[in-house]
file upload_12.cif (mmCIF, C-alpha atoms and all ligand atoms; chains and numbers go by the auth columns)
data_final
#
loop_
_atom_site.group_PDB
_atom_site.id
_atom_site.type_symbol
_atom_site.label_atom_id
_atom_site.label_comp_id
_atom_site.label_asym_id
_atom_site.label_seq_id
_atom_site.Cartn_x
_atom_site.Cartn_y
_atom_site.Cartn_z
_atom_site.B_iso_or_equiv
_atom_site.auth_seq_id
_atom_site.auth_asym_id
ATOM 1 C CA MET A 1 17.919 -2.191 -5.911 0.00 1 A
ATOM 2 C CA VAL A 2 15.755 -3.643 -3.206 0.00 2 A
ATOM 3 C CA ILE A 3 14.087 -1.171 -0.899 0.00 3 A
ATOM 4 C CA LEU A 4 12.764 -2.633 2.304 0.00 4 A
ATOM 5 C CA LEU A 5 10.163 -0.539 4.036 0.00 5 A
ATOM 6 C CA GLN A 6 9.394 -1.387 7.589 0.00 6 A
ATOM 7 C CA VAL A 7 5.784 -1.181 8.601 0.00 7 A
ATOM 8 C CA GLU A 8 4.477 -2.998 11.651 0.00 8 A
ATOM 9 C CA LEU A 9 1.156 -4.680 10.848 0.00 9 A
ATOM 10 C CA VAL A 10 0.751 -7.155 13.690 0.00 10 A
ATOM 11 C CA GLY A 11 -2.860 -7.718 14.722 0.00 11 A
ATOM 12 C CA GLY A 12 -6.144 -7.528 12.892 0.00 12 A
ATOM 13 C CA TYR A 13 -8.108 -10.508 11.641 0.00 13 A
ATOM 14 C CA TYR A 14 -7.359 -13.182 9.097 0.00 14 A
ATOM 15 C CA ASP A 15 -9.995 -13.929 6.531 0.00 15 A
ATOM 16 C CA ALA A 16 -11.982 -17.179 6.474 0.00 16 A
ATOM 17 C CA GLY A 17 -9.936 -20.348 6.987 0.00 17 A
ATOM 18 C CA ASP A 18 -6.702 -18.880 5.739 0.00 18 A
ATOM 19 C CA HIS A 19 -3.906 -16.515 6.766 0.00 19 A
ATOM 20 C CA VAL A 20 -4.566 -13.515 4.582 0.00 20 A
ATOM 21 C CA LYS A 21 -5.553 -10.167 6.037 0.00 21 A
ATOM 22 C CA PHE A 22 -7.912 -8.787 3.426 0.00 22 A
ATOM 23 C CA GLY A 23 -8.787 -5.150 4.095 0.00 23 A
ATOM 24 C CA LEU A 24 -12.274 -4.915 2.652 0.00 24 A
ATOM 25 C CA PRO A 25 -13.999 -7.826 4.444 0.00 25 A
ATOM 26 C CA MET A 26 -12.039 -7.125 7.659 0.00 26 A
ATOM 27 C CA THR A 27 -13.230 -3.531 7.817 0.00 27 A
ATOM 28 C CA TYR A 28 -16.750 -4.649 6.958 0.00 28 A
ATOM 29 C CA SER A 29 -16.686 -7.171 9.839 0.00 29 A
ATOM 30 C CA VAL A 30 -15.545 -4.515 12.301 0.00 30 A
ATOM 31 C CA THR A 31 -18.214 -2.116 11.033 0.00 31 A
ATOM 32 C CA MET A 32 -20.835 -4.802 11.661 0.00 32 A
ATOM 33 C CA LEU A 33 -19.527 -5.490 15.173 0.00 33 A
ATOM 34 C CA ALA A 34 -19.594 -1.755 15.920 0.00 34 A
ATOM 35 C CA TRP A 35 -23.116 -1.322 14.558 0.00 35 A
ATOM 36 C CA GLY A 36 -24.159 -4.209 16.811 0.00 36 A
ATOM 37 C CA ALA A 37 -22.463 -2.672 19.844 0.00 37 A
ATOM 38 C CA ILE A 38 -24.233 0.651 19.212 0.00 38 A
ATOM 39 C CA GLU A 39 -27.648 -0.842 18.452 0.00 39 A
ATOM 40 C CA PHE A 40 -27.659 -3.422 21.265 0.00 40 A
ATOM 41 C CA SER A 41 -25.461 -1.718 23.843 0.00 41 A
ATOM 42 C CA LYS A 42 -28.114 -2.057 26.556 0.00 42 A
ATOM 43 C CA GLU A 43 -28.697 -5.766 25.871 0.00 43 A
ATOM 44 C CA MET A 44 -24.948 -6.493 25.669 0.00 44 A
ATOM 45 C CA THR A 45 -24.357 -4.586 28.899 0.00 45 A
ATOM 46 C CA ASP A 46 -27.189 -6.459 30.664 0.00 46 A
ATOM 47 C CA LEU A 47 -25.622 -9.762 29.587 0.00 47 A
ATOM 48 C CA ASN A 48 -22.131 -8.626 30.563 0.00 48 A
ATOM 49 C CA GLN A 49 -20.882 -8.949 26.976 0.00 49 A
ATOM 50 C CA ILE A 50 -20.155 -5.342 26.040 0.00 50 A
ATOM 51 C CA GLY A 51 -16.536 -5.585 27.243 0.00 51 A
ATOM 52 C CA HIS A 52 -15.911 -8.626 25.029 0.00 52 A
ATOM 53 C CA THR A 53 -17.547 -6.911 22.087 0.00 53 A
ATOM 54 C CA LEU A 54 -15.484 -3.747 22.471 0.00 54 A
ATOM 55 C CA ARG A 55 -12.313 -5.833 22.782 0.00 55 A
ATOM 56 C CA ALA A 56 -13.154 -7.648 19.544 0.00 56 A
ATOM 57 C CA ILE A 57 -13.755 -4.316 17.814 0.00 57 A
ATOM 58 C CA LYS A 58 -10.536 -2.851 19.208 0.00 58 A
ATOM 59 C CA TRP A 59 -8.490 -5.791 17.895 0.00 59 A
ATOM 60 C CA GLY A 60 -9.555 -4.607 14.444 0.00 60 A
ATOM 61 C CA THR A 61 -9.429 -0.839 14.962 0.00 61 A
ATOM 62 C CA ASP A 62 -5.956 -0.922 16.573 0.00 62 A
ATOM 63 C CA TYR A 63 -4.790 -2.637 13.378 0.00 63 A
ATOM 64 C CA PHE A 64 -6.528 -0.127 11.082 0.00 64 A
ATOM 65 C CA VAL A 65 -4.924 2.758 12.972 0.00 65 A
ATOM 66 C CA LYS A 66 -1.494 1.124 12.501 0.00 66 A
ATOM 67 C CA ALA A 67 -2.192 0.387 8.844 0.00 67 A
ATOM 68 C CA HIS A 68 -3.088 4.043 8.252 0.00 68 A
ATOM 69 C CA THR A 69 0.516 5.245 8.332 0.00 69 A
ATOM 70 C CA GLN A 70 -0.062 8.615 6.635 0.00 70 A
ATOM 71 C CA PRO A 71 -3.254 10.590 5.893 0.00 71 A
ATOM 72 C CA ASN A 72 -3.285 9.273 2.315 0.00 72 A
ATOM 73 C CA VAL A 73 -1.624 5.892 2.829 0.00 73 A
ATOM 74 C CA LEU A 74 -3.465 2.781 3.964 0.00 74 A
ATOM 75 C CA TRP A 75 -2.054 -0.741 4.040 0.00 75 A
ATOM 76 C CA GLY A 76 -4.915 -2.818 2.710 0.00 76 A
ATOM 77 C CA GLN A 77 -3.707 -6.410 2.615 0.00 77 A
ATOM 78 C CA VAL A 78 -1.124 -8.726 4.150 0.00 78 A
ATOM 79 C CA GLY A 79 -0.421 -12.036 2.432 0.00 79 A
ATOM 80 C CA ASP A 80 -1.434 -13.481 -0.898 0.00 80 A
ATOM 81 C CA GLY A 81 -4.591 -15.564 -1.320 0.00 81 A
ATOM 82 C CA VAL A 82 -3.295 -17.872 -4.052 0.00 82 A
ATOM 83 C CA SER A 83 -0.059 -18.976 -2.371 0.00 83 A
ATOM 84 C CA ASP A 84 -1.775 -19.048 1.019 0.00 84 A
ATOM 85 C CA HIS A 85 -4.357 -21.551 -0.200 0.00 85 A
ATOM 86 C CA TYR A 86 -1.594 -24.060 -1.028 0.00 86 A
ATOM 87 C CA GLY A 87 -0.749 -24.272 2.664 0.00 87 A
ATOM 88 C CA TRP A 88 -2.712 -26.318 5.197 0.00 88 A
ATOM 89 C CA GLU A 89 -1.352 -25.357 8.555 0.00 89 A
ATOM 90 C CA ARG A 90 -2.049 -23.795 11.903 0.00 90 A
ATOM 91 C CA ALA A 91 -1.733 -20.037 12.181 0.00 91 A
ATOM 92 C CA GLU A 92 1.127 -20.652 14.645 0.00 92 A
ATOM 93 C CA ASP A 93 3.120 -22.568 11.991 0.00 93 A
ATOM 94 C CA MET A 94 2.255 -20.377 9.052 0.00 94 A
ATOM 95 C CA THR A 95 5.179 -19.611 6.728 0.00 95 A
ATOM 96 C CA THR A 96 3.469 -18.108 3.702 0.00 96 A
ATOM 97 C CA SER A 97 4.489 -14.752 2.240 0.00 97 A
ATOM 98 C CA ARG A 98 3.688 -11.734 4.371 0.00 98 A
ATOM 99 C CA THR A 99 3.888 -9.291 1.493 0.00 99 A
ATOM 100 C CA ALA A 100 1.863 -6.202 2.340 0.00 100 A
ATOM 101 C CA TYR A 101 -0.044 -4.027 -0.126 0.00 101 A
ATOM 102 C CA LYS A 102 -1.138 -0.439 0.205 0.00 102 A
ATOM 103 C CA ILE A 103 -3.238 2.239 -1.435 0.00 103 A
ATOM 104 C CA ASP A 104 -2.065 5.848 -1.734 0.00 104 A
ATOM 105 C CA GLU A 105 -2.589 8.969 -3.869 0.00 105 A
ATOM 106 C CA GLN A 106 -1.151 7.319 -6.994 0.00 106 A
ATOM 107 C CA HIS A 107 -2.954 4.024 -6.332 0.00 107 A
ATOM 108 C CA PRO A 108 -6.257 5.056 -4.752 0.00 108 A
ATOM 109 C CA GLY A 109 -9.039 2.834 -3.436 0.00 109 A
ATOM 110 C CA SER A 110 -12.104 4.833 -2.395 0.00 110 A
ATOM 111 C CA ASP A 111 -13.977 1.639 -1.520 0.00 111 A
ATOM 112 C CA LEU A 112 -11.314 0.350 0.874 0.00 112 A
ATOM 113 C CA ALA A 113 -10.436 3.743 2.381 0.00 113 A
ATOM 114 C CA GLY A 114 -14.151 4.575 2.705 0.00 114 A
ATOM 115 C CA GLU A 115 -14.993 1.265 4.358 0.00 115 A
ATOM 116 C CA THR A 116 -12.076 1.645 6.770 0.00 116 A
ATOM 117 C CA ALA A 117 -13.339 5.153 7.570 0.00 117 A
ATOM 118 C CA ALA A 118 -16.807 3.661 8.178 0.00 118 A
ATOM 119 C CA ALA A 119 -15.426 0.987 10.530 0.00 119 A
ATOM 120 C CA LEU A 120 -13.432 3.560 12.506 0.00 120 A
ATOM 121 C CA ALA A 121 -16.329 6.023 12.657 0.00 121 A
ATOM 122 C CA ALA A 122 -18.776 3.360 13.840 0.00 122 A
ATOM 123 C CA ALA A 123 -16.233 2.147 16.411 0.00 123 A
ATOM 124 C CA ALA A 124 -15.744 5.767 17.565 0.00 124 A
ATOM 125 C CA ILE A 125 -19.480 5.874 18.369 0.00 125 A
ATOM 126 C CA ALA A 126 -19.361 2.467 20.074 0.00 126 A
ATOM 127 C CA PHE A 127 -16.420 3.569 22.255 0.00 127 A
ATOM 128 C CA ARG A 128 -17.630 7.081 22.985 0.00 128 A
ATOM 129 C CA THR A 129 -19.076 6.464 26.436 0.00 129 A
ATOM 130 C CA TYR A 130 -16.375 3.950 27.431 0.00 130 A
ATOM 131 C CA ASN A 131 -13.158 5.657 26.366 0.00 131 A
ATOM 132 C CA SER A 132 -13.469 9.125 24.889 0.00 132 A
ATOM 133 C CA SER A 133 -9.752 9.482 24.067 0.00 133 A
ATOM 134 C CA TYR A 134 -9.791 6.234 22.077 0.00 134 A
ATOM 135 C CA SER A 135 -13.035 7.316 20.428 0.00 135 A
ATOM 136 C CA ASN A 136 -11.440 10.634 19.407 0.00 136 A
ATOM 137 C CA LEU A 137 -8.373 8.862 18.026 0.00 137 A
ATOM 138 C CA LEU A 138 -10.580 6.644 15.855 0.00 138 A
ATOM 139 C CA LEU A 139 -12.548 9.638 14.638 0.00 139 A
ATOM 140 C CA VAL A 140 -9.388 11.495 13.561 0.00 140 A
ATOM 141 C CA HIS A 141 -8.325 8.504 11.439 0.00 141 A
ATOM 142 C CA ALA A 142 -11.868 8.050 10.101 0.00 142 A
ATOM 143 C CA LYS A 143 -12.071 11.656 8.912 0.00 143 A
ATOM 144 C CA GLN A 144 -8.649 11.539 7.239 0.00 144 A
ATOM 145 C CA LEU A 145 -9.521 8.293 5.489 0.00 145 A
ATOM 146 C CA PHE A 146 -12.877 9.634 4.333 0.00 146 A
ATOM 147 C CA THR A 147 -11.140 12.643 2.786 0.00 147 A
ATOM 148 C CA PHE A 148 -8.554 10.358 1.150 0.00 148 A
ATOM 149 C CA ALA A 149 -11.365 8.165 -0.244 0.00 149 A
ATOM 150 C CA ASP A 150 -13.239 11.155 -1.615 0.00 150 A
ATOM 151 C CA ARG A 151 -10.302 13.145 -3.072 0.00 151 A
ATOM 152 C CA TYR A 152 -8.438 10.243 -4.673 0.00 152 A
ATOM 153 C CA ARG A 153 -11.047 8.104 -6.349 0.00 153 A
ATOM 154 C CA GLY A 154 -10.457 4.599 -7.546 0.00 154 A
ATOM 155 C CA LEU A 155 -11.192 0.916 -6.989 0.00 155 A
ATOM 156 C CA TYR A 156 -8.723 -0.686 -4.632 0.00 156 A
ATOM 157 C CA ASP A 157 -8.513 -4.050 -6.394 0.00 157 A
ATOM 158 C CA GLU A 158 -7.156 -2.333 -9.471 0.00 158 A
ATOM 159 C CA PHE A 159 -3.986 -1.661 -7.465 0.00 159 A
ATOM 160 C CA ILE A 160 -4.091 -4.436 -4.882 0.00 160 A
ATOM 161 C CA SER A 161 -4.768 -6.718 -7.812 0.00 161 A
ATOM 162 C CA CYS A 162 -4.181 -9.944 -5.878 0.00 162 A
ATOM 163 C CA ALA A 163 -7.381 -9.086 -3.941 0.00 163 A
ATOM 164 C CA HIS A 164 -9.382 -9.081 -7.167 0.00 164 A
ATOM 165 C CA GLN A 165 -10.219 -12.779 -7.418 0.00 165 A
ATOM 166 C CA PHE A 166 -11.180 -12.897 -3.732 0.00 166 A
ATOM 167 C CA TYR A 167 -12.778 -9.565 -2.842 0.00 167 A
ATOM 168 C CA ALA A 168 -13.266 -7.520 -5.973 0.00 168 A
ATOM 169 C CA SER A 169 -15.223 -4.349 -5.576 0.00 169 A
ATOM 170 C CA TYR A 170 -18.309 -4.795 -7.724 0.00 170 A
ATOM 171 C CA GLY A 171 -19.416 -1.194 -7.659 0.00 171 A
ATOM 172 C CA TYR A 172 -22.262 0.521 -5.913 0.00 172 A
ATOM 173 C CA SER A 173 -25.460 -1.118 -7.278 0.00 173 A
ATOM 174 C CA VAL A 174 -27.910 -2.291 -4.607 0.00 174 A
ATOM 175 C CA LYS A 175 -28.391 -6.037 -4.835 0.00 175 A
ATOM 176 C CA GLU A 176 -27.485 -7.360 -1.439 0.00 176 A
ATOM 177 C CA PHE A 177 -26.069 -6.559 1.979 0.00 177 A
ATOM 178 C CA SER A 178 -22.475 -7.740 2.194 0.00 178 A
ATOM 179 C CA TRP A 179 -18.818 -6.925 2.681 0.00 179 A
ATOM 180 C CA ASP A 180 -18.942 -5.191 -0.689 0.00 180 A
ATOM 181 C CA ASN A 181 -22.125 -3.200 -0.304 0.00 181 A
ATOM 182 C CA LYS A 182 -23.830 -1.873 2.833 0.00 182 A
ATOM 183 C CA TYR A 183 -26.271 0.421 1.062 0.00 183 A
ATOM 184 C CA ALA A 184 -29.346 -1.355 2.446 0.00 184 A
ATOM 185 C CA GLY A 185 -27.974 -1.052 5.980 0.00 185 A
ATOM 186 C CA VAL A 186 -27.264 2.644 5.523 0.00 186 A
ATOM 187 C CA GLN A 187 -30.847 3.144 4.311 0.00 187 A
ATOM 188 C CA THR A 188 -32.094 1.391 7.451 0.00 188 A
ATOM 189 C CA LEU A 189 -29.963 3.615 9.680 0.00 189 A
ATOM 190 C CA LEU A 190 -31.137 6.728 7.830 0.00 190 A
ATOM 191 C CA SER A 191 -34.797 5.708 8.093 0.00 191 A
ATOM 192 C CA LYS A 192 -34.400 5.391 11.874 0.00 192 A
ATOM 193 C CA LYS A 193 -32.833 8.849 11.937 0.00 193 A
ATOM 194 C CA VAL A 194 -35.750 10.245 9.909 0.00 194 A
ATOM 195 C CA LYS A 195 -38.188 8.641 12.335 0.00 195 A
ATOM 196 C CA LEU A 196 -36.336 10.279 15.235 0.00 196 A
ATOM 197 C CA VAL A 197 -36.491 13.670 13.519 0.00 197 A
ATOM 198 C CA HIS A 198 -40.245 13.176 13.055 0.00 198 A
ATOM 199 C CA MET A 199 -40.626 12.318 16.727 0.00 199 A
ATOM 200 C CA HIS A 200 -38.852 15.540 17.636 0.00 200 A
ATOM 201 C CA LEU A 201 -41.003 17.550 15.270 0.00 201 A
ATOM 202 C CA TYR A 202 -44.370 16.242 16.482 0.00 202 A
HETATM 203 C C1 LIG B . -8.399 4.519 26.495 0.00 1 B
HETATM 204 O O1 LIG B . -7.709 4.431 25.261 0.00 1 B
HETATM 205 C C2 LIG B . -6.345 4.776 25.331 0.00 1 B
HETATM 206 C C3 LIG B . -5.822 4.710 23.903 0.00 1 B
HETATM 207 O O2 LIG B . -6.321 5.752 23.158 0.00 1 B
HETATM 208 C C4 LIG B . -5.613 3.840 26.246 0.00 1 B
HETATM 209 O O3 LIG B . -4.267 4.217 26.334 0.00 1 B
HETATM 210 C C5 LIG B . -6.269 3.851 27.607 0.00 1 B
HETATM 211 O O4 LIG B . -5.670 2.877 28.421 0.00 1 B
HETATM 212 C C6 LIG B . -7.751 3.591 27.492 0.00 1 B
HETATM 213 N N1 LIG B . -8.396 3.756 28.790 0.00 1 B
HETATM 214 C C7 LIG B . -9.143 2.814 29.338 0.00 1 B
HETATM 215 C C8 LIG B . -9.761 3.167 30.648 0.00 1 B
HETATM 216 O O5 LIG B . -9.329 1.726 28.820 0.00 1 B
#

call {"tool": "encode", "arguments": {"input": "upload_12.cif", "output": "structure tokens"}}
result
Amino acid sequence: MVILLQVELVGGYYDAGDHVKFGLPMTYSVTMLAWGAIEFSKEMTDLNQIGHTLRAIKWGTDYFVKAHTQPNVLWGQVGDGVSDHYGWERAEDMTTSRTAYKIDEQHPGSDLAGETAAALAAAAIAFRTYNSSYSNLLLVHAKQLFTFADRYRGLYDEFISCAHQFYASYGYSVKEFSWDNKYAGVQTLLSKKVKLVHMHLY
């Protein structure tokens, strides 16, 4: 028996030079854009670029909201890296498989759900002064995804196994700053927060 489930996953960003939507690096990219928009909002506003930046973020976050179809269900990939890399074509002519892969309670991915929560939470901050209803929507999804990531622990590429050779989750050791590990960036953000607390204290 073939069961066809309809889920609309138009939008989001392809990966590098191919036509796969890989969840982990896509969420990382949107997190980075949102961190930039928060950190440099004055500079981007002065240069009349904040609107473009928010639009680029929203192209990702609209997709993550769609892909998060239930509190504990997140579609984490569209397309297959191996078959995709046999094709050399424009995105407009692309005919490769659009198979979509998800994580859920039985197939959890704390890394992917957590990173998607991080992207949505950072975007919620970036949008807060521009569109509070959109910001609130992103925060609702971020909180649900964080809870999903925490309660149902696992590595996403164990279940979305076709992501493994491209974007395996290598764990949580601090070696670099990348799509797989933002620990160093989080430390930087926390150190700024600590400095602010000190400034308030003295
Ligand atoms: C704010 O976001 C909502 C979606 O949550 C959208 O419908 C609305 O048009 C946005 N408002 C502005 C001013 O962009």

call {"tool": "residues_near_ligand", "arguments": {"input": "upload_12.cif", "ligand": "ligand LIG 1 (chain B)", "cutoff": "9 Å", "atoms": "all atoms listed in the file", "output": "list in words"}}
result
Tyr130, Asn131, Ser132, Ser133, Tyr134, Ser135, Asn136, Leu137 and Leu138 of chain A

call {"tool": "resolve_selection", "arguments": {"input": "upload_12.cif", "expression": "the PyMOL selection byres (((chain A and resi 39) around 12) and not hetatm)", "output": "compact mmCIF listing (two decimals) with C-alpha atoms, in the coordinates of the input"}}
result
# COMPACT_ATOMS: atom_id res chain seq x y z
CA MET A 32 -20.84 -4.80 11.66
CA LEU A 33 -19.53 -5.49 15.17
CA ALA A 34 -19.59 -1.76 15.92
CA TRP A 35 -23.12 -1.32 14.56
CA GLY A 36 -24.16 -4.21 16.81
CA ALA A 37 -22.46 -2.67 19.84
CA ILE A 38 -24.23 0.65 19.21
CA PHE A 40 -27.66 -3.42 21.26
CA SER A 41 -25.46 -1.72 23.84
CA LYS A 42 -28.11 -2.06 26.56
CA GLU A 43 -28.70 -5.77 25.87
CA MET A 44 -24.95 -6.49 25.67
CA THR A 45 -24.36 -4.59 28.90
CA ILE A 50 -20.16 -5.34 26.04
CA ALA A 122 -18.78 3.36 13.84
CA ALA A 123 -16.23 2.15 16.41
CA ILE A 125 -19.48 5.87 18.37
CA ALA A 126 -19.36 2.47 20.07
CA LEU A 189 -29.96 3.62 9.68
CA LYS A 192 -34.40 5.39 11.87

call {"tool": "resolve_selection", "arguments": {"input": "upload_12.cif", "expression": "the PyMOL selection byres (((chain A and resi 146) around 9) and not hetatm)", "output": "PyMOL selection string"}}
result
chain A and resi 110+113-118+141-145+147-151

call {"tool": "residues_around", "arguments": {"input": "upload_12.cif", "residues": "Asp104 in chain A", "least_positions_apart": "4", "cutoff": "7 Å", "atoms": "all atoms listed in the file", "output": "PDB file with C-alpha atoms, in the coordinates of the input"}}
result
ATOM      1  CA  ASN A  72      -3.285   9.273   2.315  1.00  0.00           C
ATOM      2  CA  VAL A  73      -1.624   5.892   2.829  1.00  0.00           C
ATOM      3  CA  LEU A  74      -3.465   2.781   3.964  1.00  0.00           C
ATOM      4  CA  PRO A 108      -6.257   5.056  -4.752  1.00  0.00           C
TER       5      PRO A 108
END

call {"tool": "atom_distance", "arguments": {"input": "upload_12.cif", "atom1": "CA of Gly23 in chain A", "atom2": "CA of His52 in chain A"}}
result
22.4 Å

call {"tool": "residues_around", "arguments": {"input": "upload_12.cif", "residues": "Ser97 in chain A", "least_positions_apart": "3", "cutoff": "9 Å", "atoms": "only C-alpha atoms", "output": "PDB file with C-alpha atoms, in the coordinates of the input"}}
result
ATOM      1  CA  VAL A  78      -1.124  -8.726   4.150  1.00  0.00           C
ATOM      2  CA  GLY A  79      -0.421 -12.036   2.432  1.00  0.00           C
ATOM      3  CA  ASP A  80      -1.434 -13.481  -0.898  1.00  0.00           C
ATOM      4  CA  SER A  83      -0.059 -18.976  -2.371  1.00  0.00           C
ATOM      5  CA  ASP A  84      -1.775 -19.048   1.019  1.00  0.00           C
ATOM      6  CA  ALA A 100       1.863  -6.202   2.340  1.00  0.00           C
TER       7      ALA A 100
END
